[in-house]
Each structure stands twice: as structure tokens, then as C-alpha cells.
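Novice: Please find upload.csv (CSV, C-alpha atoms and all ligand atoms) on the next line:
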```
chain,number,residue,atom,x,y,z
F,1,MET,CA,22.8,-17.0,16.9
F,2,GLU,CA,21.4,-19.6,19.1
F,3,GLY,CA,19.1,-18.6,22.0
F,4,ILE,CA,18.8,-15.0,20.8
F,5,GLY,CA,16.1,-13.2,22.8
F,6,ARG,CA,16.0,-15.6,25.7
F,7,HIS,CA,15.0,-13.8,28.9
F,8,THR,CA,13.1,-13.9,32.1
F,9,LEU,CA,11.3,-11.2,34.1
F,10,LYS,CA,12.5,-10.6,37.7
F,11,CYS,CA,10.8,-8.5,40.4
F,12,ILE,CA,13.2,-5.8,41.7
F,13,GLU,CA,11.6,-6.0,45.2
F,14,CYS,CA,11.0,-9.7,46.0
F,15,GLY,CA,13.1,-11.4,43.4
F,16,SER,CA,10.3,-13.5,41.9
F,17,VAL,CA,11.1,-14.7,38.4
F,18,TYR,CA,8.7,-15.1,35.6
F,19,GLU,CA,8.8,-16.6,32.1
F,20,PRO,CA,8.4,-14.1,29.2
F,21,ALA,CA,4.8,-12.7,29.5
F,22,PRO,CA,3.1,-9.3,29.0
F,23,LEU,CA,3.4,-8.4,32.7
F,24,ILE,CA,3.8,-4.9,34.0
F,25,LYS,CA,4.2,-5.7,37.7
F,26,CYS,CA,5.1,-8.6,40.0
F,27,SER,CA,2.0,-10.7,40.8
F,28,GLU,CA,3.5,-11.6,44.2
F,29,CYS,CA,4.2,-8.1,45.6
F,30,GLY,CA,3.3,-5.5,42.9
F,31,GLY,CA,6.9,-4.5,42.4
F,32,LEU,CA,8.5,-3.3,39.2
F,33,LEU,CA,9.9,-5.9,36.9
F,34,ASP,CA,13.3,-6.1,35.2
F,35,ILE,CA,14.1,-8.1,32.2
F,36,ILE,CA,17.1,-10.4,32.5
F,37,VAL,CA,18.6,-11.3,29.1
F,38,GLU,CA,21.3,-13.9,28.5
F,39,LEU,CA,24.2,-11.7,27.7
F,40,PRO,CA,26.6,-12.5,24.8
F,41,ASP,CA,30.4,-12.7,25.3
F,42,ARG,CA,32.9,-9.9,24.9
F,43,GLY,CA,33.2,-10.6,21.1
F,44,LEU,CA,29.7,-9.0,20.5
F,45,PHE,CA,31.0,-5.8,19.0
F,46,SER,CA,33.5,-7.5,16.7
F,47,ARG,CA,30.6,-9.5,15.2
F,48,LEU,CA,28.3,-6.6,14.6
F,49,GLY,CA,30.5,-5.5,11.6
F,50,LEU,CA,28.6,-3.4,9.1
F,51,ARG,CA,25.2,-4.0,10.7
F,52,GLU,CA,23.3,-0.7,10.5
F,53,MET,CA,23.3,1.7,13.5
F,54,GLY,CA,20.1,1.7,15.6
F,55,VAL,CA,18.2,-0.2,18.2
F,56,TRP,CA,18.1,-3.5,16.3
F,57,ARG,CA,21.9,-3.5,15.8
F,58,TYR,CA,21.9,-4.8,19.4
F,59,ARG,CA,19.5,-7.7,18.8
F,60,GLU,CA,21.7,-10.0,20.8
F,61,VAL,CA,20.8,-8.1,24.0
F,62,LEU,CA,17.1,-7.5,23.3
F,63,PRO,CA,14.3,-9.8,24.6
F,64,VAL,CA,13.0,-10.6,21.1
F,65,GLY,CA,13.4,-14.0,19.4
F,66,ASP,CA,14.8,-14.6,16.0
F,67,GLY,CA,11.5,-15.4,14.4
F,68,ALA,CA,9.6,-12.3,15.7
F,69,LYS,CA,8.1,-9.8,13.2
F,70,VAL,CA,9.9,-6.6,14.2
F,71,VAL,CA,7.9,-3.4,14.1
F,72,SER,CA,10.5,-0.8,13.3
F,73,LEU,CA,10.8,2.7,11.8
F,74,GLY,CA,14.6,2.8,11.8
F,75,GLU,CA,14.9,4.2,15.4
F,76,GLY,CA,18.2,4.8,17.2
F,77,GLY,CA,21.5,5.6,15.6
F,78,THR,CA,21.2,9.2,16.8
F,79,ARG,CA,23.9,11.8,16.6
F,80,LEU,CA,26.4,12.3,19.4
F,81,LEU,CA,27.9,15.8,19.0
F,82,LYS,CA,30.7,17.5,20.9
F,83,LEU,CA,30.0,20.8,22.6
F,84,GLU,CA,32.9,23.2,23.2
F,85,GLU,CA,32.2,24.2,26.8
F,86,GLU,CA,34.8,25.6,29.2
F,87,PHE,CA,35.4,23.0,32.0
F,88,THR,CA,38.0,20.5,32.8
F,89,GLY,CA,36.4,17.6,30.8
F,90,GLU,CA,34.8,17.0,27.4
F,91,LEU,CA,31.1,17.5,26.8
F,92,PHE,CA,28.9,15.6,24.3
F,93,ILE,CA,25.2,15.7,23.6
F,94,LYS,CA,23.1,12.7,22.4
F,95,LEU,CA,20.4,14.0,20.1
F,96,GLU,CA,17.4,11.7,20.6
F,97,GLY,CA,15.3,14.1,18.6
F,98,ASP,CA,16.8,12.3,15.6
F,99,ASN,CA,14.4,9.4,16.2
F,100,PRO,CA,11.5,8.7,13.8
F,101,THR,CA,8.9,10.6,15.9
F,102,GLY,CA,11.4,13.0,17.5
F,103,SER,CA,12.1,11.5,20.9
F,104,PHE,CA,13.8,8.6,22.6
F,105,LYS,CA,10.4,7.0,23.2
F,106,ASP,CA,10.8,5.3,19.8
F,107,ARG,CA,13.7,3.2,21.1
F,108,GLY,CA,11.3,1.7,23.6
F,109,MET,CA,8.2,1.6,21.5
F,110,THR,CA,9.8,-0.5,18.7
F,111,VAL,CA,10.5,-3.2,21.2
F,112,GLY,CA,7.2,-2.7,23.1
F,113,VAL,CA,5.0,-2.9,20.0
F,114,THR,CA,7.0,-5.8,18.6
F,115,LYS,CA,6.2,-7.7,21.8
F,116,ALA,CA,2.6,-6.6,21.7
F,117,VAL,CA,2.3,-8.2,18.2
F,118,GLU,CA,4.2,-11.3,19.4
F,119,PHE,CA,1.9,-11.7,22.4
F,120,GLY,CA,-1.1,-11.5,20.1
F,121,TYR,CA,-2.5,-8.1,21.1
F,122,ARG,CA,-4.6,-6.0,18.6
F,123,LYS,CA,-4.8,-2.9,20.9
F,124,VAL,CA,-2.2,-0.9,22.8
F,125,ALA,CA,-2.6,2.0,25.2
F,126,CYS,CA,-0.7,4.5,27.2
F,127,ALA,CA,-1.0,7.6,29.4
F,128,SER,CA,1.4,10.3,28.2
F,129,THR,CA,2.8,13.8,28.6
F,130,GLY,CA,2.9,13.8,24.8
F,131,ASN,CA,5.9,12.0,23.3
F,132,THR,CA,4.8,8.5,24.4
F,133,SER,CA,1.5,9.0,22.7
F,134,ALA,CA,3.1,10.3,19.5
F,135,SER,CA,5.5,7.3,19.5
F,136,LEU,CA,2.9,4.7,20.4
F,137,ALA,CA,0.5,6.1,17.7
F,138,ALA,CA,3.3,5.8,15.0
F,139,TYR,CA,4.4,2.3,15.9
F,140,ALA,CA,0.8,1.1,16.3
F,141,ALA,CA,0.1,2.4,12.7
F,142,ARG,CA,3.3,0.6,11.5
F,143,GLY,CA,2.3,-2.7,13.2
F,144,GLY,CA,-1.3,-2.6,12.3
F,145,LEU,CA,-2.6,-2.2,15.8
F,146,GLU,CA,-5.1,0.2,17.4
F,147,ALA,CA,-3.7,2.8,19.8
F,148,TYR,CA,-5.5,4.4,22.7
F,149,VAL,CA,-3.7,7.4,24.3
F,150,PHE,CA,-4.8,9.1,27.5
F,151,ILE,CA,-3.4,12.6,27.8
F,152,PRO,CA,-3.9,15.4,30.4
F,153,LYS,CA,-6.3,17.9,28.8
F,154,GLY,CA,-4.5,21.0,27.7
F,155,GLY,CA,-1.3,19.7,29.2
F,156,ILE,CA,0.7,18.5,26.2
F,157,ALA,CA,2.7,20.3,23.6
F,158,ARG,CA,0.9,21.1,20.3
F,159,GLY,CA,3.3,19.2,18.1
F,160,LYS,CA,2.9,16.0,20.1
F,161,LEU,CA,-0.9,16.2,20.0
F,162,PHE,CA,-0.8,16.8,16.2
F,163,GLN,CA,1.4,13.7,15.8
F,164,ALA,CA,-0.9,11.4,17.8
F,165,LEU,CA,-3.9,12.7,15.7
F,166,ALA,CA,-2.0,12.3,12.4
F,167,TYR,CA,-1.0,8.7,13.1
F,168,GLY,CA,-4.6,7.9,13.9
F,169,ALA,CA,-4.6,7.1,17.6
F,170,ASN,CA,-7.8,7.2,19.6
F,171,ILE,CA,-7.3,10.2,22.0
F,172,VAL,CA,-8.8,10.4,25.4
F,173,GLU,CA,-8.4,13.7,27.2
F,174,VAL,CA,-8.4,13.5,31.0
F,175,GLU,CA,-9.0,16.4,33.4
F,176,GLY,CA,-5.9,16.9,35.6
F,177,GLY,CA,-2.3,16.0,35.0
F,178,PHE,CA,-0.3,13.0,33.8
F,179,ASP,CA,-0.8,11.1,37.1
F,180,ASP,CA,-4.6,11.3,36.6
F,181,ALA,CA,-4.3,10.2,33.0
F,182,LEU,CA,-2.3,7.2,34.2
F,183,GLU,CA,-4.9,6.2,36.7
F,184,ARG,CA,-7.6,6.4,34.0
F,185,VAL,CA,-5.6,4.2,31.5
F,186,LEU,CA,-4.9,1.6,34.2
F,187,LYS,CA,-8.6,1.3,34.8
F,188,TYR,CA,-9.4,1.2,31.1
F,189,VAL,CA,-6.9,-1.6,30.5
F,190,GLU,CA,-8.2,-3.6,33.5
F,191,VAL,CA,-11.8,-3.4,32.3
F,192,GLU,CA,-11.0,-4.1,28.7
F,193,GLY,CA,-8.5,-6.9,29.3
F,194,ASP,CA,-7.3,-7.3,25.7
F,195,VAL,CA,-5.2,-4.1,25.6
F,196,LEU,CA,-1.4,-4.0,26.3
F,197,LEU,CA,-0.3,-1.0,28.4
F,198,LEU,CA,2.9,0.5,27.1
F,199,ASN,CA,3.8,2.9,29.8
F,200,SER,CA,7.4,2.9,31.0
F,201,PHE,CA,6.7,0.4,33.8
F,202,ASN,CA,6.4,-2.0,30.9
F,203,PRO,CA,9.9,-3.6,31.1
F,204,TYR,CA,10.1,-4.4,27.4
F,205,ARG,CA,10.1,-0.7,26.5
F,206,LEU,CA,13.0,-0.1,28.8
F,207,GLU,CA,15.0,-2.8,27.0
F,208,GLY,CA,14.8,-0.7,23.8
F,209,GLN,CA,15.7,2.4,25.6
F,210,LYS,CA,18.9,0.8,27.1
F,211,THR,CA,20.4,0.7,23.6
F,212,LEU,CA,21.3,4.3,24.0
F,213,ALA,CA,24.1,3.1,26.3
F,214,TYR,CA,25.4,0.6,23.7
F,215,GLU,CA,25.4,3.4,21.1
F,216,VAL,CA,27.3,5.9,23.2
F,217,TYR,CA,29.8,3.1,24.0
F,218,GLU,CA,30.4,2.6,20.3
F,219,GLN,CA,30.4,6.3,19.5
F,220,LEU,CA,32.9,7.2,22.2
F,221,GLY,CA,34.9,4.0,22.0
F,222,GLY,CA,34.2,3.4,25.7
F,223,ALA,CA,32.0,4.5,28.5
F,224,PRO,CA,31.7,8.2,29.5
F,225,ASP,CA,32.3,9.3,33.1
F,226,TYR,CA,28.9,11.1,33.6
F,227,VAL,CA,25.5,10.8,31.9
F,228,PHE,CA,22.9,13.6,32.6
F,229,VAL,CA,19.3,12.6,31.9
F,230,PRO,CA,16.1,14.6,32.3
F,231,VAL,CA,13.8,12.7,34.7
F,232,GLY,CA,10.0,12.4,34.5
F,233,ASN,CA,8.7,8.9,35.2
F,234,ALA,CA,12.3,7.9,35.6
F,235,GLY,CA,12.2,5.0,33.1
F,236,ASN,CA,14.8,6.3,30.8
F,237,ILE,CA,17.6,6.9,33.4
F,238,SER,CA,16.9,3.4,34.7
F,239,ALA,CA,17.1,1.9,31.2
F,240,ILE,CA,20.3,3.8,30.2
F,241,TYR,CA,22.0,2.6,33.4
F,242,LYS,CA,20.9,-0.9,32.8
F,243,GLY,CA,22.6,-0.8,29.3
F,244,PHE,CA,25.9,0.4,30.8
F,245,ARG,CA,25.7,-2.3,33.6
F,246,GLU,CA,25.3,-4.9,30.9
F,247,LEU,CA,28.3,-3.6,29.0
F,248,ARG,CA,30.2,-4.0,32.3
F,249,ASP,CA,28.8,-7.5,32.9
F,250,ILE,CA,29.8,-8.5,29.3
F,251,GLY,CA,33.3,-7.2,30.3
F,252,LEU,CA,33.6,-4.4,27.8
F,253,ILE,CA,33.9,-1.5,30.4
F,254,ASP,CA,35.2,-1.4,33.9
F,255,SER,CA,32.3,0.5,35.5
F,256,ALA,CA,29.1,2.2,34.5
F,257,PRO,CA,29.1,6.0,34.3
F,258,ILE,CA,27.9,8.2,37.1
F,259,MET,CA,24.2,8.9,36.5
F,260,VAL,CA,22.7,12.3,37.2
F,261,GLY,CA,19.0,12.7,37.1
F,262,VAL,CA,17.7,16.2,36.4
F,263,GLN,CA,14.2,17.2,37.4
F,264,ALA,CA,12.4,20.6,37.1
F,265,SER,CA,12.2,22.2,40.5
F,266,GLY,CA,8.3,22.3,40.5
F,267,ALA,CA,8.2,18.5,39.7
F,268,ALA,CA,11.1,17.2,41.6
F,269,PRO,CA,10.1,14.4,44.0
F,270,LEU,CA,13.4,12.5,43.5
F,271,ALA,CA,15.7,15.5,43.7
F,272,ASN,CA,13.9,16.8,46.8
F,273,ALA,CA,14.4,13.6,48.7
F,274,PHE,CA,17.9,12.5,47.5
F,275,PRO,CA,20.0,11.0,49.2
F,276,HIS,CA,17.4,10.1,51.9
F,277,ILE,CA,15.1,7.5,50.4
F,278,GLU,CA,12.7,7.7,53.4
F,279,ARG,CA,12.0,11.3,52.5
F,280,PHE,CA,10.7,10.5,49.1
F,281,SER,CA,7.1,11.6,48.6
F,282,PRO,CA,5.1,12.4,45.5
F,283,VAL,CA,4.5,16.0,44.4
F,284,ASP,CA,0.7,16.6,44.3
F,285,GLU,CA,0.5,19.4,41.8
F,286,PRO,CA,3.7,19.2,39.6
F,287,ARG,CA,4.4,22.5,37.8
F,288,THR,CA,6.9,23.2,35.1
F,289,LEU,CA,6.9,24.5,31.5
F,290,ALA,CA,8.8,21.4,30.5
F,291,SER,CA,5.6,19.4,30.0
F,292,ALA,CA,7.5,16.1,29.2
F,293,ILE,CA,8.8,15.9,32.8
F,294,ARG,CA,5.7,17.4,34.6
F,295,ILE,CA,5.2,14.3,36.7
F,296,GLY,CA,4.6,14.2,40.5
F,297,LYS,CA,4.6,10.4,41.0
F,298,PRO,CA,7.4,8.8,38.9
F,299,VAL,CA,6.3,5.2,38.3
F,300,ASN,CA,9.9,4.0,38.0
F,301,TRP,CA,11.2,5.9,41.0
F,302,ARG,CA,12.6,2.9,42.9
F,303,LYS,CA,14.4,1.6,39.8
F,304,ALA,CA,15.9,5.0,39.1
F,305,TRP,CA,16.9,5.5,42.7
F,306,ARG,CA,18.8,2.3,42.7
F,307,ALA,CA,20.4,3.1,39.4
F,308,VAL,CA,21.6,6.6,40.5
F,309,GLU,CA,22.7,5.4,43.9
F,310,SER,CA,24.7,2.5,42.7
F,311,SER,CA,26.3,4.5,40.0
F,312,GLY,CA,27.6,7.0,42.6
F,313,GLY,CA,25.4,9.7,41.1
F,314,PHE,CA,22.7,12.1,42.3
F,315,PHE,CA,19.4,13.7,41.5
F,316,THR,CA,19.3,17.5,41.1
F,317,SER,CA,16.7,20.1,40.1
F,318,VAL,CA,16.7,23.2,37.9
F,319,GLU,CA,14.3,26.1,37.7
F,320,ASP,CA,12.2,26.7,34.6
F,321,ALA,CA,14.1,29.8,33.9
F,322,GLU,CA,17.4,27.8,33.9
F,323,ILE,CA,15.8,25.2,31.6
F,324,LEU,CA,14.7,27.9,29.1
F,325,ARG,CA,18.0,29.7,29.2
F,326,ALA,CA,19.8,26.4,28.6
F,327,GLN,CA,17.4,25.6,25.7
F,328,MET,CA,18.1,28.9,24.1
F,329,ARG,CA,21.8,28.7,24.6
F,330,LEU,CA,21.9,25.3,22.9
F,331,ALA,CA,20.1,26.8,19.9
F,332,ARG,CA,22.1,30.0,19.6
F,333,LYS,CA,25.6,28.8,20.6
F,334,TYR,CA,25.5,25.3,19.0
F,335,GLY,CA,22.6,25.3,16.4
F,336,ILE,CA,20.8,22.5,18.4
F,337,LEU,CA,17.1,22.9,19.1
F,338,VAL,CA,15.7,20.6,21.7
F,339,GLU,CA,12.4,20.7,23.7
F,340,PRO,CA,12.4,22.3,27.2
F,341,ALA,CA,12.5,19.0,29.1
F,342,SER,CA,15.5,17.9,27.0
F,343,ALA,CA,17.4,21.1,27.9
F,344,ALA,CA,17.1,20.2,31.6
F,345,SER,CA,20.1,17.9,31.2
F,346,TYR,CA,22.2,20.8,29.9
F,347,ALA,CA,20.8,23.1,32.6
F,348,GLY,CA,21.8,20.5,35.2
F,349,PHE,CA,25.3,20.3,33.7
F,350,LEU,CA,25.7,24.1,33.9
F,351,LYS,CA,24.6,24.0,37.5
F,352,HIS,CA,27.2,21.3,38.5
F,353,LEU,CA,30.0,22.1,36.0
F,354,ASP,CA,32.6,22.9,38.7
F,355,GLU,CA,32.2,19.4,40.2
F,356,LEU,CA,32.7,17.5,36.9
F,357,ASP,CA,35.6,16.2,34.8
F,358,GLY,CA,36.2,13.5,32.3
F,359,ARG,CA,33.7,12.8,29.5
F,360,VAL,CA,30.2,14.0,30.1
F,361,VAL,CA,27.2,13.0,28.0
F,362,LEU,CA,23.9,15.0,28.0
F,363,VAL,CA,20.9,13.1,26.9
F,364,ALA,CA,18.7,15.5,24.8
F,365,THR,CA,15.5,13.5,24.9
F,366,GLY,CA,13.3,15.2,22.3
F,367,HIS,CA,13.2,17.6,19.4
F,368,GLY,CA,12.6,21.3,19.7
F,369,LEU,CA,9.9,21.4,17.0
F,370,LYS,CA,7.6,19.5,19.3
F,371,ASP,CA,6.8,22.6,21.3
F,372,PRO,CA,7.0,25.9,19.4
F,373,ASP,CA,4.7,27.7,21.8
F,374,VAL,CA,7.6,27.9,24.3
F,375,ILE,CA,8.8,30.9,22.4
F,376,ASN,CA,6.2,32.9,24.4
F,377,HIS,CA,7.9,32.0,27.6
F,378,TRP,CA,11.3,33.0,26.2
F,379,SER,CA,10.0,36.5,25.7
F,380,ASN,CA,8.1,36.6,29.0
F,381,LEU,CA,11.4,35.8,30.7
F,382,GLY,CA,13.0,38.6,28.7
F,383,ILE,CA,15.6,36.3,27.2
F,384,ILE,CA,14.7,37.2,23.7
L,1,LIG,C1,9.4,11.1,28.3
L,1,LIG,C2,10.3,12.2,28.3
L,1,LIG,C3,11.2,12.5,29.4
L,1,LIG,C4,11.1,11.7,30.7
L,1,LIG,O1,11.5,10.4,30.6
L,1,LIG,P1,11.2,9.4,31.7
L,1,LIG,O2,11.6,8.0,31.2
L,1,LIG,O3,9.7,9.5,31.9
L,1,LIG,O4,11.9,9.8,32.9
L,1,LIG,C5,12.1,13.5,29.2
L,1,LIG,N1,12.1,14.3,28.1
L,1,LIG,C6,11.3,14.0,27.0
L,1,LIG,C7,11.4,14.9,25.9
L,1,LIG,C8,10.4,13.0,27.1
L,1,LIG,O5,9.6,12.7,26.1
L,2,ZN,ZN,7.7,-9.0,43.7
```
I'd like the structure from this file rewritten - as C-alpha cells, please.
Ligand SMILES: *Cc1c(COP(=O)(O)O)cnc(C)c1O
Ligand SMILES: [Zn+2]
Specialist:
Amino acid sequence: MEGIGRHTLKCIECGSVYEPAPLIKCSECGGLLDIIVELPDRGLFSRLGLREMGVWRYREVLPVGDGAKVVSLGEGGTRLLKLEEEFTGELFIKLEGDNPTGSFKDRGMTVGVTKAVEFGYRKVACASTGNTSASLAAYAARGGLEAYVFIPKGGIARGKLFQALAYGANIVEVEGGFDDALERVLKYVEVEGDVLLLNSFNPYRLEGQKTLAYEVYEQLGGAPDYVFVPVGNAGNISAIYKGFRELRDIGLIDSAPIMVGVQASGAAPLANAFPHIERFSPVDEPRTLASAIRIGKPVNWRKAWRAVESSGGFFTSVEDAEILRAQMRLARKYGILVEPASAASYAGFLKHLDELDGRVVLVATGHGLKDPDVINHWSNLGII
């Protein structure tokens, strides 16, 4: 394939265009950046043939050149299972807990760390509610890099902290929540200068995450009508929508699905404001048991807002009790154990079930084994 991996970076606010570089925001206006790849023709999928499932199956749409040394653990290729639910459509769940470190973050990290190596970095860093640090730690180990992860002290699930420690990351605990950890890591990276920040405003990560759309397209033999995504920093919903938009631009589907972003009611700046963008304001002390989406200032909120709006979708919020009931129902009715944040998409589906038809896909973002302590909250709620 000629020209594979060719891309530019484009500011979503002012439209400035940059050549490939490790940028995390527009140097003109500070806006978020999108990666524009040269899309292949409609024949893409007929040429994939027996190529293995996973993120790198879709190399032709990733911003990584042919010669690059790919840092991979075999991410992507996750199960899409059907759920027998009583409503007028068909329901599917995409199990991102199947990824190497147990969350969708691996789809982004394989591309992010591959680019870190290509750009010549020896050190990578992130702020995290847990899964990003677990994933970064694993891919840094795989790629021979040093990882620095900044986490809210006492604010991440035990399984995730264990993973970051086990993979050998340097862990910095920060007083406060995720938003404070992010401020700290931004300063750290600025002072050090030779560390690549791999939070989700790094547009290369989102390129890996968009492959979920390509996979669902292949697994369903077309686009679904709705996609429900739990929203924290709002990178994943933006990335998945971008994937479907590309499938549309390639000419494989007529339109992208309706995107529904689900937040926890105590950490719901997007759902609180939608559809009035001028009403958006950060939540100062975000609260929810679903620690992976306990975020008050979603860094990608503008990207996600545009994605949801142009898909004809909406943001919604669910109470913690609804999240935990949905989590338990998935486990007991279907044999599927996901972490609380991931059950938010199912809780959102149950809340809006009467308004839906056609094919609905729930994104289950992370594995249930990450956060076994949640069992205490199940019993507090009297649901077990
Ligand atoms: C990171 C994460 C989210 C939130 O994704 P964003 O891209 O930050 O919106 C949701 N669920 C799980 C399990 C996560 O790890
Ligand atoms: Zn700009």
C-alpha cells in the first residue's frame, strides 16, 4: 500500500493544519486537534481478507507509516454479543474488557505508544482514573519506555492500581480528583520537556479507539442505528463517531449511527447542559461510584458535543443506583461482568428503551474484575 499512514493534524476550532508531530493542542488557539488520514477506497474490506481481527487490521486508516515499529499486545477484536431484551429493536454489547489490560484504553494506547517510539520519546505520562494508567504501564513495558502515571489518591479501583504497579510504572498520587491529577501531569510534562503526554486529548490515541467502529461494522455487516457510550473525558465517544464518519466518507455506510453519551448523574456536565451548549459548565466536585467516569471537566467535551449533535443523538445521565443495578443485571441475566462505568451504557439504554428501535450497540468499556470492591455497594443498596 502506497502512502499508508499519511495524515495531517487539524484544529477543530480554527482549522489550522499541522504536519505529523507530537502535538496535543493547536499552537494558534489552544483548540483540540483531529487527525485527518487519507482514506482508502470502498474496496478496503475486500482486501483485508484473512488479516487477524484487532486494531492493526485497519492499518490503512491509522496514522502510522509502513516502516514503524508497532508496539502491540494484540488489542481489539473484542466480542460483540447479542442480548435478548424486550424492545422493538435488537440489542448488542461490545465487550471492551476483552482487551489485553481489560479496557478499551488499549486500542488507543497501542497507537499512542507506537507514535511515542516513532517520535523518539523514552518517557510517557498520563493522568488517569485508573484504566489509562494500567494500559499506559503495559504498553510502555512492551515498548521499552518509562511510564509516569498521575492518579487521584484513593480514587482509583484496586485492580487498576495493581496493574500499574505490576507493569512497573512510576506512580504519583495526587490529592483531589482526576482533574487535579491532570493539572499536575500537565505541569510535569511542561517542566520535563522530554515526556509525551498520552491523555485522550492526544489525537493519536483516539485514532486507535476509532477502530471499534470498523469492528462493529464488520461484526454486524453494517452500521447500527444507535451506539451508547459511557462518557468521562469524552474521548471515546468522539473517537467512535469519527470511525463511523470515516466509514461513511469511504462510502460503506449511508450515515453514522445516533450517538448517545451516558454520564453518571453526579459527574454529568454534558448531560446537564445538553442541548444548550452555552449552559455547559464543569462540575467542581464530581461524585459517582463509577470511578472511571468521575470527571468534572471533560477535556474532549467540544469534540464530543459536536459528534453527538451531528449524529442526531443526545447526552443523558443515570443515578449510581441505576448503574449498579444494570451492572448486576448484566452479570446475572447474561453472564457478563463489567465495571460500574461500563454498565452506565446499559443503564442509559434501560432508561431510554421506549424511544429506541433498530440495532442498538452498548459499549461496555472495561472488565468487571477491575473493581471487586463494588460488591460492598451492591449490598448497601440492598440489591444482593
Ligand atoms: C476511560 C473510561 C471511560 C471514559 O472514557 P472517556 O474517553 O474518558 O469518555 C469509561 N469507562 C471506562 C471503563 C474507562 O476506562
Ligand atoms: Zn486552532
Novice: Need the shell around region 345-352 of chain F: protein/DNA/RNA residues with any atom at most 10 Å away, counting all atoms listed in the file. Skip same-chain ones fewer than 3 positions apart. Format as a VMD selection string?
Specialist: chain F and resid 85 87 91 93 226 to 231 260 to 264 315 to 327 329 to 330 340 to 342 355 to 356 360 to 365
Novice: Please, which residues in region 156-271 of chain F fall within 7 Å of region 106-125 of chain F when counting only C-alpha atoms, and what is the closest atom pair and distance in Å to one decimal for each, ordered by chain then residue number, as a tab-separated table?
Specialist:
```
residue	atom	partner	partner_atom	distance
F:Asp194	CA	F:Tyr121	CA	6.7
F:Val195	CA	F:Lys123	CA	4.9
F:Leu196	CA	F:Val124	CA	4.7
F:Leu197	CA	F:Ala125	CA	5.0
F:Leu198	CA	F:Ala125	CA	6.0
F:Tyr204	CA	F:Gly112	CA	5.5
F:Arg205	CA	F:Gly108	CA	4.0
F:Leu206	CA	F:Gly108	CA	5.8
F:Glu207	CA	F:Gly108	CA	6.7
F:Gly208	CA	F:Gly108	CA	4.2
F:Gln209	CA	F:Gly108	CA	4.9
```
Novice: Within 8 Å of Val299 (chain F), counting all atoms listed in the file, which residues show up once you throw out same-chain ones fewer than 3 positions away? Write them as a ChimeraX atom specification, please.
Specialist: /F:200-201,233-235
Novice: List as a Markdown table every residue of region 161-211 of chain F that is in contact with region 284-294 of chain F, defined as an atom at most 10 Å from one of its atoms (using only C-alpha atoms), together with the nearest atom pair and the distance in Å rounded to one decimal, sorted by chain and then rising number.
Specialist:
```
| residue | atom | partner | partner_atom | distance |
| --- | --- | --- | --- | --- |
| F:Gly176 | CA | F:Glu285 | CA | 9.3 |
| F:Gly177 | CA | F:Glu285 | CA | 8.1 |
| F:Phe178 | CA | F:Arg294 | CA | 7.5 |
| F:Asp179 | CA | F:Asp284 | CA | 9.2 |
```
Novice: One decimal, Å: what's the distance from CA of Leu220 (chain F) over to CA of Asp41 (chain F), could you say?
Specialist: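 Between these atoms lies a distance of 20.3 Å.
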Novice: Please identify every polymer residue within 9 Å of ligand ZN 2 (chain L), using all atoms listed in the file, and present the set as a list of chain:residue names.
Specialist: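 I would give the residues around ligand ZN 2 (chain L) as F:Lys10, F:Cys11, F:Ile12, F:Glu13, F:Cys14, F:Gly15, F:Ser16, F:Val17, F:Lys25, F:Cys26, F:Ser27, F:Glu28, F:Cys29, F:Gly30, F:Gly31, F:Leu32, F:Leu33.
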Novice: Work out how far apart CA of Thr88 (chain F) and atom C6 of ligand LIG 1 (chain L) are and give it in Å to one decimal.
Specialist: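 Distance reported for this atom pair: 28.1 Å.
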Novice: For a test of reading the model, state the distance in Å between CA of Ser46 (chain F) and CA of Asn99 (chain F), rounded to one decimal.
Specialist: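 Going from CA of Ser46 (chain F) over to CA of Asn99 (chain F), I get 25.5 Å.
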Novice: Between F:Glu90, F:Asp254, F:Asp371, F:Glu19, which one has atoms that come closest to ligand LIG 1 (chain L), using only C-alpha atoms and all ligand atoms?
Specialist: F:Asp371
Novice: Can you pull out every residue within 7 Å of Tyr139 (chain F), counting all atoms listed in the file, but drop anything in the same chain fewer than 2 positions away, and send it as an MDAnalysis selection string?
Specialist: chainID F and resid 71 109:110 113 135:137 141:143
Novice: Since the input is missing atoms, can you rebuild all heavy atoms for region 345-349 of chain F and write them as a JSON list (two decimals), keeping the file's coordinate frame?
Specialist:
```
[["chain", "number", "residue", "atom", "x", "y", "z"],
["F", 345, "SER", "N", 18.83, 18.57, 30.97],
["F", 345, "SER", "CA", 20.10, 17.90, 31.20],
["F", 345, "SER", "C", 21.27, 18.93, 31.06],
["F", 345, "SER", "O", 22.21, 18.92, 31.84],
["F", 345, "SER", "CB", 20.33, 16.68, 30.34],
["F", 345, "SER", "OG", 20.03, 16.94, 29.00],
["F", 346, "TYR", "N", 21.16, 19.82, 30.08],
["F", 346, "TYR", "CA", 22.20, 20.80, 29.90],
["F", 346, "TYR", "C", 22.16, 21.85, 31.06],
["F", 346, "TYR", "O", 23.20, 22.26, 31.58],
["F", 346, "TYR", "CB", 21.97, 21.53, 28.55],
["F", 346, "TYR", "CG", 23.02, 22.56, 28.16],
["F", 346, "TYR", "CD1", 24.38, 22.31, 28.32],
["F", 346, "TYR", "CD2", 22.64, 23.78, 27.60],
["F", 346, "TYR", "CE1", 25.33, 23.25, 27.94],
["F", 346, "TYR", "CE2", 23.57, 24.73, 27.20],
["F", 346, "TYR", "CZ", 24.92, 24.46, 27.38],
["F", 346, "TYR", "OH", 25.85, 25.40, 27.00],
["F", 347, "ALA", "N", 20.95, 22.21, 31.49],
["F", 347, "ALA", "CA", 20.80, 23.10, 32.60],
["F", 347, "ALA", "C", 21.45, 22.49, 33.89],
["F", 347, "ALA", "O", 22.14, 23.15, 34.66],
["F", 347, "ALA", "CB", 19.36, 23.46, 32.88],
["F", 348, "GLY", "N", 21.24, 21.19, 34.07],
["F", 348, "GLY", "CA", 21.80, 20.50, 35.20],
["F", 348, "GLY", "C", 23.36, 20.45, 35.11],
["F", 348, "GLY", "O", 24.06, 20.64, 36.09],
["F", 349, "PHE", "N", 23.84, 20.25, 33.89],
["F", 349, "PHE", "CA", 25.30, 20.30, 33.70],
["F", 349, "PHE", "C", 25.86, 21.65, 34.05],
["F", 349, "PHE", "O", 26.87, 21.75, 34.76],
["F", 349, "PHE", "CB", 25.62, 19.95, 32.20],
["F", 349, "PHE", "CG", 27.00, 20.36, 31.79],
["F", 349, "PHE", "CD1", 28.09, 19.55, 32.09],
["F", 349, "PHE", "CD2", 27.22, 21.56, 31.12],
["F", 349, "PHE", "CE1", 29.38, 19.94, 31.72],
["F", 349, "PHE", "CE2", 28.50, 21.95, 30.76],
["F", 349, "PHE", "CZ", 29.58, 21.14, 31.06]]
```
